[in-house]
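Reviewing the structure listed below.
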Amino acid sequence: TVSRFLPNVIVSRALEERGLSMTTEKRILDAQVSAALQRIYSKQHVDGGWAWWDSGLSDPYLSAYVVYGLIEAQESGYDISASTLGDGLSYLSTHMPDLTKNPSTWQANRYAFMVYTLARADGAQPPYTNAIYKRRDLLSLYGKAYLLQASHLEDPEDSRVAELLAE
C-alpha cells in the first residue's frame, strides 16, 4: 500500500511546489492517497506497528516504512491521523533492534533506515544515532546515507556529518 501511494504523494507535492494547477490530476491523486491512508489506518496493529500480513506480528522495518510514508504524506499537505503516526513512532522507539548482537549488514542498514525515519518525525534521536554510528563499519553506502541524513537532521554542525559524507 505504501509503495503504491508514496509516488502519488511525491507527485502531488511536486505539482504544488511548481505551482502547476492540474486540478483533475490532483483530484485523482488525492483520492488515491486518501484510499491508501484509510487502508494503512485499518492495518495498524494495537501495538502501533504494522505487519507484512494481516495475521502476522508487527515488524519494525515495515513499520518504519509505513511511518516514513505517513511523514511524506504529511509534508505534502495531507491530513494524517496524529494518533496513527504517534502510535507508529512509539512502536518504532520501543522496537529498535539490538546492535550488540553482531548484526549483519542488512540488519544494520535497516536500523539506519529506522533511525532516519525517527529523525524525520521527531528530530533528535541521539541514542539510536550514536549506536549505529559506532557500528557504521557494517553499513553499506545506502545505510551510511540514511545515517548521514539522520545525523544532519539532529545537528547539521555535528562533526559526524562531514565524516560520513567523506566516507
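Labels used: A, B, ... for chains in the order of the C-alpha cells, numbers from 1 for residues in each chain, and numbers from 1 for ligands as shown.
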Can you pull out the residues contacting segment 25-40 of chain A? Cut-off 7 Å, using only C-alpha atoms, and skip same-chain residues under 6 positions away; I want them as an MDAnalysis selection string. chainID A and resid 1 5 8:9 12
Can you tell me, as number ranges by chain, what residues are no more than 10 Å from segment 94-98 of chain A when counting only C-alpha atoms, ignoring any on the same chain fewer than 6 positions away? A: 49, 58-61, 63, 107-108, 110-111, 114-115, 128, 131
Can you pull out the residues contacting Glu167 of chain A? Cut-off 10 Å, using only C-alpha atoms, and skip same-chain residues under 3 positions away; I want them as a PyMOL selection string. chain A and resi 141+144-145+148+161-164
Just write the chosen residues, N, CA, C and O atoms, as a compact mmCIF listing (two decimals), in the first residue's frame.
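Output saved as result-v3.txt:
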# COMPACT_ATOMS: atom_id res chain seq x y z
N LEU A 141 26.69 1.58 1.54
CA LEU A 141 26.62 3.01 1.22
C LEU A 141 25.24 3.60 1.49
O LEU A 141 25.12 4.69 2.02
N LYS A 144 24.79 4.08 5.17
CA LYS A 144 25.54 5.26 5.62
C LYS A 144 24.81 6.54 5.20
O LYS A 144 24.84 7.53 5.93
N ALA A 145 24.17 6.52 4.05
CA ALA A 145 23.41 7.70 3.60
C ALA A 145 22.24 7.98 4.55
O ALA A 145 21.98 9.14 4.88
N LEU A 148 23.78 9.39 7.67
CA LEU A 148 24.19 10.77 7.40
C LEU A 148 22.99 11.72 7.48
O LEU A 148 23.05 12.76 8.14
N VAL A 161 28.68 14.39 10.58
CA VAL A 161 28.05 14.63 9.28
C VAL A 161 29.14 14.71 8.20
O VAL A 161 29.06 14.03 7.17
N ALA A 162 30.16 15.52 8.44
CA ALA A 162 31.26 15.66 7.48
C ALA A 162 32.02 14.34 7.33
O ALA A 162 32.42 13.95 6.22
N GLU A 163 32.20 13.64 8.43
CA GLU A 163 32.92 12.37 8.41
C GLU A 163 32.17 11.34 7.56
O GLU A 163 32.75 10.65 6.73
N LEU A 164 30.86 11.24 7.77
CA LEU A 164 30.05 10.32 6.99
C LEU A 164 30.01 10.72 5.53
O LEU A 164 30.03 9.86 4.64
Minimum-distance residue to Ser104 of chain A, chosen among A:Ser151, A:Asn130, A:Ser140, A:Thr84 (using only C-alpha atoms):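 Between A:Ser151, A:Asn130, A:Ser140, A:Thr84, the residue approaching Ser104 of chain A most closely is A:Ser140.
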Pull the helix (DSSP H, G or I) assignments for chain A out of DSSP run on the backbone, and list those residues as a ChimeraX atom specification. /A:2-17,23-43,60-75,82-94,99-101,105-122,126-134,136-138,141-154,159-166
Hey, can you check how far atom CA of Lys134 of chain A sits from atom CA of Thr100 of chain A?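 About the pair atom CA of Lys134 of chain A and atom CA of Thr100 of chain A: they are 10.6 Å apart.
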Do you know which residues are at most 12 Å from Asp155 of chain A counting only C-alpha atoms, after dropping those on the same chain fewer than 2 positions away, and could you put them as a PyMOL selection string? chain A and resi 119+123-126+129+148-153+157-162
Find the spatial neighbours of segment 79-83 of chain A, counting only C-alpha atoms, within a cut-off of 10 Å - ignore same-chain residues fewer than 5 positions away - and output them as a list in words.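 Near neighbours after the sequence-gap exclusion: Ser34, Leu37, Gln38, Tyr41, Gly48, Leu70, Ile71, Ala73, Gln74, Gly88 and Leu89 of chain A.
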Smallest atom-to-atom distance to Leu139 of chain A: which of A:Trp52, A:Trp106, A:Tyr65, A:Phe113, using only C-alpha atoms?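 Of A:Trp52, A:Trp106, A:Tyr65, A:Phe113, the one nearest Leu139 of chain A, counting only C-alpha atoms, is A:Trp106.
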Could you jot down the atom CA of Ala166 of chain A to atom CA of Tyr142 of chain A separation for me, Å, one decimal place?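 These two atoms are separated by 13.8 Å.
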